[in-house]
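What's in model-v8.txt: compact mmCIF, C-alpha atoms and all ligand atoms
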```txt
# COMPACT_ATOMS: atom_id res chain seq x y z
CA MET A 1 6.02 3.14 -8.16
CA ALA A 2 9.11 5.33 -8.44
CA LEU A 3 12.30 3.66 -7.36
CA SER A 4 15.80 5.03 -7.46
CA SER A 5 18.00 2.94 -9.72
CA GLN A 6 19.86 1.61 -6.72
CA GLU A 7 16.70 0.46 -4.96
CA GLY A 8 15.31 -1.04 -8.11
CA SER A 9 18.33 -2.80 -9.48
CA LEU A 10 18.45 -6.57 -9.32
CA ASN A 11 22.24 -6.52 -9.36
CA VAL A 12 22.31 -7.39 -5.69
CA GLY A 13 19.59 -10.01 -6.11
CA LEU A 14 16.03 -10.15 -4.87
CA PRO A 15 15.24 -10.03 -1.17
CA ILE A 16 14.81 -13.45 0.45
CA ALA A 17 12.13 -14.31 3.01
CA SER A 18 11.30 -17.44 4.97
CA ILE A 19 8.29 -18.69 6.90
CA SER A 20 8.79 -19.14 10.63
CA ASP A 21 7.50 -22.01 12.78
CA ASP A 22 4.65 -19.82 13.96
CA ARG A 23 3.72 -19.15 10.31
CA ARG A 24 4.91 -15.61 9.92
CA LEU A 25 6.70 -14.24 6.87
CA LEU A 26 10.17 -13.14 7.92
CA PHE A 27 12.84 -11.06 6.20
CA PRO A 28 16.38 -10.81 7.60
CA THR A 29 16.05 -7.04 7.99
CA SER A 30 13.33 -4.43 7.60
CA ALA A 31 15.31 -3.07 4.65
CA ASP A 32 14.77 -6.42 2.88
CA LEU A 33 11.03 -6.27 3.55
CA ASN A 34 10.90 -2.68 2.30
CA ARG A 35 12.71 -3.63 -0.88
CA ALA A 36 10.41 -6.60 -1.47
CA TRP A 37 7.34 -4.43 -0.98
CA ASP A 38 8.75 -1.68 -3.24
CA LEU A 39 9.70 -4.10 -6.02
CA GLY A 40 6.60 -6.30 -5.66
CA ILE A 41 8.65 -9.49 -5.87
CA PHE A 42 10.88 -11.56 -3.59
CA TYR A 43 12.18 -15.07 -3.09
CA LEU A 44 10.80 -17.39 -0.44
CA LYS A 45 12.94 -20.16 1.02
CA LEU A 46 11.11 -23.40 0.24
CA PRO A 47 9.41 -24.68 3.42
CA THR A 48 10.85 -28.08 4.32
CA ASN A 49 7.49 -29.93 4.33
CA ILE A 50 6.89 -29.33 0.63
CA ASP A 51 7.62 -32.02 -1.98
CA LEU A 52 8.53 -29.70 -4.83
CA ASP A 53 10.39 -32.43 -6.75
CA GLY A 54 7.25 -34.59 -6.85
CA ALA A 55 5.20 -31.66 -8.17
CA ARG A 56 7.89 -30.96 -10.80
CA ARG A 57 7.80 -34.57 -11.94
CA PHE A 58 4.04 -34.34 -12.35
CA GLY A 59 4.44 -31.12 -14.35
CA ARG A 60 7.16 -32.48 -16.62
CA GLY A 61 5.04 -35.56 -17.33
CA LEU A 62 2.39 -33.33 -18.89
CA ILE A 63 4.67 -32.53 -21.82
CA ALA A 64 4.13 -36.05 -23.23
CA PRO A 65 1.27 -35.86 -25.75
CA ASP A 66 -0.29 -39.06 -24.38
CA ASN A 67 -0.24 -37.97 -20.74
CA PRO A 68 -3.75 -38.76 -19.41
CA TYR A 69 -3.94 -35.56 -17.37
CA ARG A 70 -4.06 -33.62 -20.64
CA GLN A 71 -7.62 -34.98 -20.93
CA ILE A 72 -8.87 -33.15 -17.84
CA PRO A 73 -12.04 -31.38 -18.97
CA LYS A 74 -12.22 -27.64 -19.52
CA TYR A 75 -14.17 -25.59 -17.01
CA GLY A 76 -14.85 -22.25 -18.66
CA GLU A 77 -11.89 -20.44 -20.23
CA LEU A 78 -9.57 -20.63 -17.25
CA GLU A 79 -9.38 -24.32 -16.41
CA GLY A 80 -8.30 -27.46 -18.19
CA PHE A 81 -5.43 -28.15 -20.59
CA ILE A 82 -4.98 -24.83 -22.39
CA ALA A 83 -2.69 -23.37 -25.06
CA LEU A 84 -2.65 -19.57 -24.77
CA GLU A 85 -3.13 -17.46 -27.88
CA ASN A 86 -0.16 -15.30 -28.95
CA ASN A 87 2.09 -16.92 -26.35
CA GLN A 88 4.14 -20.09 -26.17
CA GLN A 89 2.73 -20.99 -22.80
CA THR A 90 0.69 -24.17 -22.58
CA LYS A 91 -0.76 -25.16 -19.23
CA LEU A 92 -2.86 -27.48 -17.16
CA ALA A 93 -4.87 -25.16 -14.92
CA LEU A 94 -7.32 -26.04 -12.16
CA SER A 95 -8.96 -24.04 -9.40
CA ARG A 96 -8.96 -25.33 -5.84
CA GLN A 97 -12.47 -26.75 -6.03
CA HIS A 98 -11.33 -29.21 -8.74
CA TRP A 99 -7.97 -30.33 -7.31
CA ASP A 100 -9.23 -33.35 -5.40
CA GLN A 101 -11.29 -34.54 -8.33
CA HIS A 102 -8.60 -34.31 -11.02
CA TYR A 103 -5.10 -34.03 -9.54
CA PRO A 104 -3.30 -36.96 -7.87
CA SER A 105 -3.78 -36.72 -4.09
CA GLU A 106 -0.20 -35.60 -3.47
CA ILE A 107 -0.60 -32.76 -5.99
CA ALA A 108 -3.88 -31.64 -4.39
CA GLU A 109 -2.02 -31.69 -1.06
CA PHE A 110 0.82 -29.67 -2.62
CA GLY A 111 -1.79 -27.11 -3.67
CA ARG A 112 -3.07 -26.85 -0.12
CA GLN A 113 0.48 -26.27 1.10
CA LEU A 114 0.75 -23.40 -1.37
CA ASP A 115 -2.59 -22.12 -0.01
CA GLU A 116 -0.94 -21.88 3.40
CA ILE A 117 2.02 -19.98 1.95
CA GLY A 118 -0.29 -17.61 0.07
CA ILE A 119 -2.34 -16.89 3.18
CA THR A 120 0.80 -16.28 5.26
CA ILE A 121 2.12 -13.78 2.71
CA LEU A 122 -1.22 -12.05 2.27
CA ARG A 123 -1.63 -11.67 6.01
CA GLU A 124 1.81 -10.05 6.24
CA VAL A 125 0.96 -7.60 3.45
CA LEU A 126 -2.28 -6.71 5.23
CA ARG A 127 -0.51 -6.43 8.60
CA GLN A 128 1.98 -3.98 7.06
CA SER A 129 -0.88 -2.10 5.41
CA GLY A 130 -2.35 -1.14 8.77
CA ILE A 131 -5.83 -2.30 7.72
CA PRO A 132 -7.43 -3.69 10.91
CA GLU A 133 -7.45 -7.49 10.97
CA THR A 134 -11.24 -7.70 11.32
CA PHE A 135 -11.50 -6.43 7.72
CA TRP A 136 -8.88 -8.68 6.08
CA GLU A 137 -11.28 -11.42 5.02
CA ARG A 138 -13.70 -8.97 3.46
CA ALA A 139 -10.95 -6.91 1.81
CA SER A 140 -9.36 -9.98 0.19
CA GLY A 141 -12.52 -11.58 -1.14
CA GLY A 142 -12.23 -14.38 1.42
CA TYR A 143 -8.69 -15.46 0.56
CA SER A 144 -7.04 -14.47 3.86
CA ALA A 145 -9.42 -16.83 5.69
CA GLY A 146 -8.82 -19.84 3.41
CA ALA A 147 -11.63 -19.17 0.94
CA GLY A 148 -11.38 -17.08 -2.23
CA THR A 149 -10.13 -18.77 -5.38
CA ALA A 150 -6.76 -20.40 -5.99
CA PHE A 151 -5.33 -21.88 -9.16
CA LEU A 152 -2.56 -24.47 -9.30
CA ASN A 153 -1.18 -24.56 -12.82
CA PHE A 154 1.56 -26.56 -14.52
CA VAL A 155 3.02 -24.72 -17.49
CA HIS A 156 5.49 -25.32 -20.25
CA TYR A 157 6.55 -23.41 -23.34
CA ASP A 158 5.83 -24.87 -26.74
CA THR A 159 8.79 -23.95 -28.95
CA ARG A 160 6.99 -25.05 -32.12
CA ASN A 161 5.18 -21.74 -31.66
CA PRO A 162 7.44 -18.75 -32.57
CA ASP A 163 5.59 -16.25 -30.31
CA GLN A 164 6.93 -14.65 -27.18
CA GLY A 165 6.96 -16.96 -24.13
CA LEU A 166 4.54 -14.69 -22.30
CA ARG A 167 3.80 -11.12 -23.30
CA PRO A 168 4.36 -8.29 -20.79
CA HIS A 169 1.53 -8.17 -18.25
CA THR A 170 0.68 -7.86 -14.60
CA ASP A 171 -1.15 -10.64 -12.77
CA TYR A 172 -4.70 -9.74 -11.77
CA GLY A 173 -4.97 -11.61 -8.50
CA LEU A 174 -3.53 -11.08 -5.05
CA ILE A 175 -0.30 -13.07 -5.00
CA THR A 176 1.49 -15.34 -7.47
CA ILE A 177 3.79 -18.15 -6.35
CA LEU A 178 6.23 -19.42 -8.99
CA ASP A 179 8.63 -22.31 -9.22
CA ILE A 180 11.26 -21.19 -11.74
CA THR A 181 13.51 -23.89 -13.16
CA ALA A 182 14.95 -22.19 -16.24
CA PRO A 183 15.91 -18.63 -17.24
CA GLY A 184 13.47 -16.46 -19.19
CA LEU A 185 11.32 -14.60 -16.65
CA GLN A 186 11.93 -10.87 -16.65
CA ILE A 187 10.45 -8.13 -14.47
CA LYS A 188 10.21 -4.44 -15.25
CA VAL A 189 12.31 -2.31 -12.94
CA ASN A 190 12.74 1.41 -13.71
CA ASP A 191 11.08 0.92 -17.12
CA LYS A 192 13.57 -1.73 -18.09
CA PHE A 193 13.11 -5.49 -18.14
CA GLU A 194 15.60 -7.38 -16.00
CA GLU A 195 16.16 -11.10 -15.77
CA VAL A 196 14.96 -12.88 -12.62
CA PRO A 197 17.72 -15.37 -11.87
CA VAL A 198 16.88 -19.00 -11.14
CA PHE A 199 17.44 -19.61 -7.42
CA PRO A 200 17.29 -23.30 -6.44
CA GLY A 201 15.53 -24.07 -3.16
CA HIS A 202 13.38 -20.98 -3.42
CA LEU A 203 10.00 -19.96 -4.80
CA ALA A 204 9.49 -16.57 -6.41
CA ILE A 205 6.59 -14.55 -4.99
CA HIS A 206 5.06 -11.56 -6.69
CA PHE A 207 2.14 -9.24 -6.08
CA GLY A 208 -0.88 -8.76 -8.32
CA GLU A 209 -3.40 -6.07 -9.20
CA ALA A 210 -6.06 -7.15 -6.68
CA LEU A 211 -3.51 -6.68 -3.89
CA ASN A 212 -2.70 -3.22 -5.21
CA PHE A 213 -6.43 -2.46 -5.32
CA ILE A 214 -7.18 -3.43 -1.73
CA THR A 215 -4.11 -1.64 -0.27
CA THR A 216 -4.57 1.59 -2.28
CA HIS A 217 -5.80 3.65 0.69
CA SER A 218 -3.86 1.83 3.39
CA ASP A 219 -0.63 2.86 5.09
CA ARG A 220 1.40 0.57 2.83
CA THR A 221 0.28 0.20 -0.77
CA VAL A 222 1.90 -2.56 -2.79
CA GLY A 223 2.10 -2.63 -6.57
CA ALA A 224 1.67 -5.36 -9.17
CA ILE A 225 4.93 -6.01 -10.98
CA GLU A 226 4.99 -6.12 -14.77
CA HIS A 227 6.68 -9.22 -16.13
CA GLN A 228 7.24 -11.24 -19.29
CA VAL A 229 8.82 -14.48 -20.41
CA LEU A 230 11.26 -14.40 -23.34
CA SER A 231 10.60 -16.51 -26.39
CA GLN A 232 11.96 -19.98 -25.80
CA LYS A 233 13.86 -21.71 -28.61
CA SER A 234 13.84 -25.38 -29.45
CA THR A 235 17.54 -25.47 -28.55
CA ASP A 236 16.78 -24.22 -25.00
CA PRO A 237 16.12 -26.68 -22.21
CA ILE A 238 12.34 -27.21 -22.00
CA ARG A 239 11.00 -24.47 -19.79
CA HIS A 240 8.37 -25.78 -17.43
CA GLY A 241 7.13 -24.35 -14.23
CA ILE A 242 4.54 -24.40 -11.50
CA VAL A 243 2.35 -21.35 -10.97
CA TYR A 244 -0.06 -20.79 -8.10
CA PHE A 245 -2.44 -17.83 -8.18
CA ALA A 246 -3.99 -16.56 -4.95
CA ASN A 247 -7.20 -14.84 -5.94
CA PRO A 248 -10.26 -13.35 -4.30
CA ASP A 249 -13.57 -15.12 -4.82
CA LEU A 250 -14.01 -14.49 -8.57
CA ALA A 251 -17.76 -14.02 -8.05
CA GLY A 252 -17.23 -11.72 -5.07
CA VAL A 253 -16.25 -8.17 -4.20
CA LEU A 254 -12.95 -6.52 -3.20
CA TRP A 255 -12.93 -3.71 -0.65
CA LYS A 256 -10.49 -0.88 -0.08
CA PHE A 257 -10.08 -0.02 3.59
CA ASP A 258 -7.85 2.58 5.19
CA ALA A 259 -5.89 1.99 8.39
CA GLN A 260 -8.85 3.27 10.41
CA GLY A 261 -11.07 0.57 8.93
CA ARG A 262 -13.09 3.01 6.82
CA VAL A 263 -14.35 1.80 3.43
CA LYS A 264 -12.67 3.85 0.67
CA GLY A 265 -13.94 1.96 -2.34
CA SER A 266 -14.97 -1.41 -3.72
CA SER A 267 -15.35 -3.31 -6.96
CA SER A 268 -16.74 -6.62 -8.00
CA VAL A 269 -13.84 -8.86 -8.93
CA ALA A 270 -15.38 -9.38 -12.36
CA ASP A 271 -15.46 -5.61 -13.04
CA LEU A 272 -11.89 -5.09 -11.85
CA PHE A 273 -10.53 -7.95 -13.95
CA ALA A 274 -12.51 -6.77 -17.00
CA LEU A 275 -11.03 -3.29 -16.62
CA LEU A 276 -7.51 -4.72 -16.35
CA GLU A 277 -8.11 -6.86 -19.41
CA LYS A 278 -9.31 -3.84 -21.37
CA ASN A 279 -6.24 -1.82 -20.36
CA LEU A 280 -3.93 -4.71 -21.23
CA THR A 281 -5.56 -5.08 -24.62
CA GLU A 282 -5.29 -1.36 -25.31
CA HIS A 283 -1.58 -1.38 -24.51
CA ARG A 284 -0.84 -4.19 -26.91
FE FE B 301 2.04 -13.56 -14.95
```
As structure tokens:
Amino acid sequence: MALSSQEGSLNVGLPIASISDDRRLLFPTSADLNRAWDLGIFYLKLPTNIDLDGARRFGRGLIAPDNPYRQIPKYGELEGFIALENNQQTKLALSRQHWDQHYPSEIAEFGRQLDEIGITILREVLRQSGIPETFWERASGGYSAGAGTAFLNFVHYDTRNPDQGLRPHTDYGLITILDITAPGLQIKVNDKFEEVPVFPGHLAIHFGEALNFITTHSDRTVGAIEHQVLSQKSTDPIRHGIVYFANPDLAGVLWKFDAQGRVKGSSSVADLFALLEKNLTEHR
């Protein structure tokens, strides 16, 4: 998406939203919302009911080699205790259906609180898109109605590995919620990577490819932001973080609607993600 350098610059910081008592996403001004939608990233004031410190403690504990949660079994390629290839990132990843079985109850509850945040944000994106509400659930592969797939992951960066922290990429899902505790995340604005500053008391929210896909023919298309994490050195503070991915049902279908509710396209989630993976690989 073309942005003037003034609109795109992070010099004045990212826009900041909050969630109201009636569970709406609010920005101080419409200009802030517009900037968030144009950039594809914003900060969200941490809702007061969320025990972020407890979740951080759980995440930091995973760095110890003898932490028992490192033994959580792998489910396919996406879940379990995983070290990524060609990246420093190491993570414990679980989808919503496995939270109660493997995470402590307060961490499973934390995940459900992030579900609520993800749904609130998605509903605001769809409201702005003009797509009639009756189609939101179908468009989003169930996520807007509390289904779909969600991942709650605890990550850290293994500095014994000299690779980049995370290579440049876009996220494939709908919305990503991040707890950032140390510098290193950068987003691409006007073809240039810029640092996303750490902002205590706030979560960073960014949009993914599936959200771009379903809003393509709507009145308000949003784009997936390209981002990377710089290589972390052993002299840096350990970089750990919490990442929540709001996804459609991975075995389902995404639909593109216009503001009149007409179907303008569709794709199985598997096909869309495979195409994105192919493009990512080709750009490497
Ligand atoms: Fe990412």
(request) Identify, on the basis of only C-alpha atoms, every residue whose closest approach to Leu39 of chain A does not exceed 8 Å; exclude the query and any residue fewer than 4 positions from it along the same chain; express the result as a list of chain:residue names. (result) A:Gly8, A:Arg35, A:Val189, A:Gly223, A:Ile225
Restrict the selected residues to C-alpha atoms and save them as a short mmCIF file (atom, residue, chain, number, x, y, z; two decimals), in the coordinates of the input.
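Okay, selection-v3.cif is ready:
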```
data_model
loop_
_atom_site.label_atom_id
_atom_site.label_comp_id
_atom_site.auth_asym_id
_atom_site.auth_seq_id
_atom_site.Cartn_x
_atom_site.Cartn_y
_atom_site.Cartn_z
CA GLY A 8 15.31 -1.04 -8.11
CA ARG A 35 12.71 -3.63 -0.88
CA VAL A 189 12.31 -2.31 -12.94
CA GLY A 223 2.10 -2.63 -6.57
CA ILE A 225 4.93 -6.01 -10.98
#
```
(message) Could you list, as a PyMOL selection string, every residue within 9 Å of Leu276 of chain A, counting all atoms listed in the file and ignoring same-chain residues fewer than 5 positions away?
(response) chain A and resi 170+172+209+271+281
(request) Have a look at A:Ala147, A:Ile214, A:Leu272, A:Leu280 and name the one nearest to Val125 of chain A; count only C-alpha atoms. (result) A:Ile214
(message) Just checking: using only C-alpha atoms and all ligand atoms, which residue out of A:Val263, A:Ala204, A:Ala270, A:Leu44 ends up closest to ligand FE 301 (chain B)?
(response)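 Selected residue with least distance to ligand FE 301 (chain B): A:Ala204.
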Write out as a PDB file with C-alpha atoms, in the coordinates of the input which residues come within 9 Å of Phe213 of chain A when counting all atoms listed in the file, dropping same-chain ones fewer than 6 positions away.
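selection.pdb, freshly written:
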```
ATOM      1  CA  THR A 221       0.280   0.200  -0.770  1.00  0.00           C
ATOM      2  CA  VAL A 222       1.900  -2.560  -2.790  1.00  0.00           C
ATOM      3  CA  GLY A 223       2.100  -2.630  -6.570  1.00  0.00           C
ATOM      4  CA  LEU A 254     -12.950  -6.520  -3.200  1.00  0.00           C
ATOM      5  CA  TRP A 255     -12.930  -3.710  -0.650  1.00  0.00           C
ATOM      6  CA  LYS A 256     -10.490  -0.880  -0.080  1.00  0.00           C
ATOM      7  CA  SER A 266     -14.970  -1.410  -3.720  1.00  0.00           C
ATOM      8  CA  LEU A 272     -11.890  -5.090 -11.850  1.00  0.00           C
TER       9      LEU A 272
END
```
(request) Mind giving me the straight-line distance from atom CA of Arg239 of chain A to atom CA of Gln164 of chain A in Å, one decimal? (result)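 One can read the atom CA of Arg239 of chain A to atom CA of Gln164 of chain A distance as 12.9 Å.
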(request) Quick one: pull the distance between atom CA of Asn161 of chain A and atom CA of Lys233 of chain A, Å, one decimal. (result)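 According to the coordinates, atom CA of Asn161 of chain A and atom CA of Lys233 of chain A are separated by 9.2 Å.
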(message) Around ligand FE 301 (chain B), which protein and nucleic acid residues have at least one atom no more than 12 Å from it, if we count all atoms listed in the file? List them as a ChimeraX atom specification.
(response) /A:41,87,89,153,155,165-178,185-187,204-209,224-229,241-245
Where does segment 76-139 of chain A meet segment 26-29 of chain A within 12 Å, residue by residue, with the nearest atom pair and distance in Å to one decimal for each, counting all atoms listed in the file, listed by chain and rising number, as a Markdown table?
```
| residue | atom | partner | partner_atom | distance |
| --- | --- | --- | --- | --- |
| A:Thr120 | CA | A:Leu26 | CA | 10.2 |
| A:Ile121 | CA | A:Leu26 | CA | 9.6 |
| A:Glu124 | CA | A:Leu26 | CA | 9.1 |
| A:Val125 | CA | A:Leu26 | CA | 11.6 |
```
(message) Under the rule that only C-alpha atoms are counted, which of A:Phe199, A:Tyr143, A:Tyr69, A:Phe81 is the nearest residue to Asp179 of chain A?
(response)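 Of the candidates, the smallest distance to Asp179 of chain A is held by A:Phe199.
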Counting only C-alpha atoms, find residues at most 12 Å from (-8.3, -36.2, -21.4) (file frame) and give them as an mmCIF file with C-alpha atoms, keeping the file's coordinate frame.
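Generated output (part31.cif):
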```
data_model
loop_
_atom_site.group_PDB
_atom_site.id
_atom_site.type_symbol
_atom_site.label_atom_id
_atom_site.label_comp_id
_atom_site.auth_asym_id
_atom_site.auth_seq_id
_atom_site.Cartn_x
_atom_site.Cartn_y
_atom_site.Cartn_z
ATOM 1 C CA LEU A 62 2.390 -33.330 -18.890
ATOM 2 C CA PRO A 65 1.270 -35.860 -25.750
ATOM 3 C CA ASP A 66 -0.290 -39.060 -24.380
ATOM 4 C CA ASN A 67 -0.240 -37.970 -20.740
ATOM 5 C CA PRO A 68 -3.750 -38.760 -19.410
ATOM 6 C CA TYR A 69 -3.940 -35.560 -17.370
ATOM 7 C CA ARG A 70 -4.060 -33.620 -20.640
ATOM 8 C CA GLN A 71 -7.620 -34.980 -20.930
ATOM 9 C CA ILE A 72 -8.870 -33.150 -17.840
ATOM 10 C CA PRO A 73 -12.040 -31.380 -18.970
ATOM 11 C CA LYS A 74 -12.220 -27.640 -19.520
ATOM 12 C CA GLY A 80 -8.300 -27.460 -18.190
ATOM 13 C CA PHE A 81 -5.430 -28.150 -20.590
ATOM 14 C CA ILE A 82 -4.980 -24.830 -22.390
ATOM 15 C CA LEU A 92 -2.860 -27.480 -17.160
ATOM 16 C CA HIS A 102 -8.600 -34.310 -11.020
#
```
(message) Let me make sure I understand: among A:Asp53, A:Asp115, A:Glu106, A:Glu77, which one has the smallest atom-to-atom distance to Thr149 of chain A if we use all atoms listed in the file?
(response) A:Asp115
How big is the axis-aligned box, and where does its centre sit, when it encloses all atoms of segment 246-257 of chain A listed in the file and has 6 Å added on every side, reported in Å to one decimal as JSON?
```
{"center_x": -10.9, "center_y": -8.3, "center_z": -2.5, "size_x": 25.8, "size_y": 28.5, "size_z": 24.2}
```
(request) Go through A:Asp158, A:Glu109, A:Asp236, A:Asp21 and flag the residue nearest Ala182 of chain A, using only C-alpha atoms for the distances. (result)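 Of all the options, A:Asp236 lies closest to Ala182 of chain A.
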(message) Considering all atoms listed in the file, can you say which of A:Phe257, A:Phe273, A:Phe110, A:Tyr157 comes closest to Ser140 of chain A?
(response)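 Closest residue, counting all atoms listed in the file: A:Phe257.
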(message) Quick check, in Å to one decimal: how far apart do atom CA of Arg123 of chain A and atom CA of Tyr43 of chain A lie?
(response)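 So the two atoms, atom CA of Arg123 of chain A and atom CA of Tyr43 of chain A, lie 16.9 Å apart.
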(message) I want to know what sits within 10 Å of Tyr75 of chain A, based on all atoms listed in the file, with residues of the same chain fewer than 6 positions away left out; could you give that as a VMD selection string?
(response) chain A and resid 81 93 to 95 98
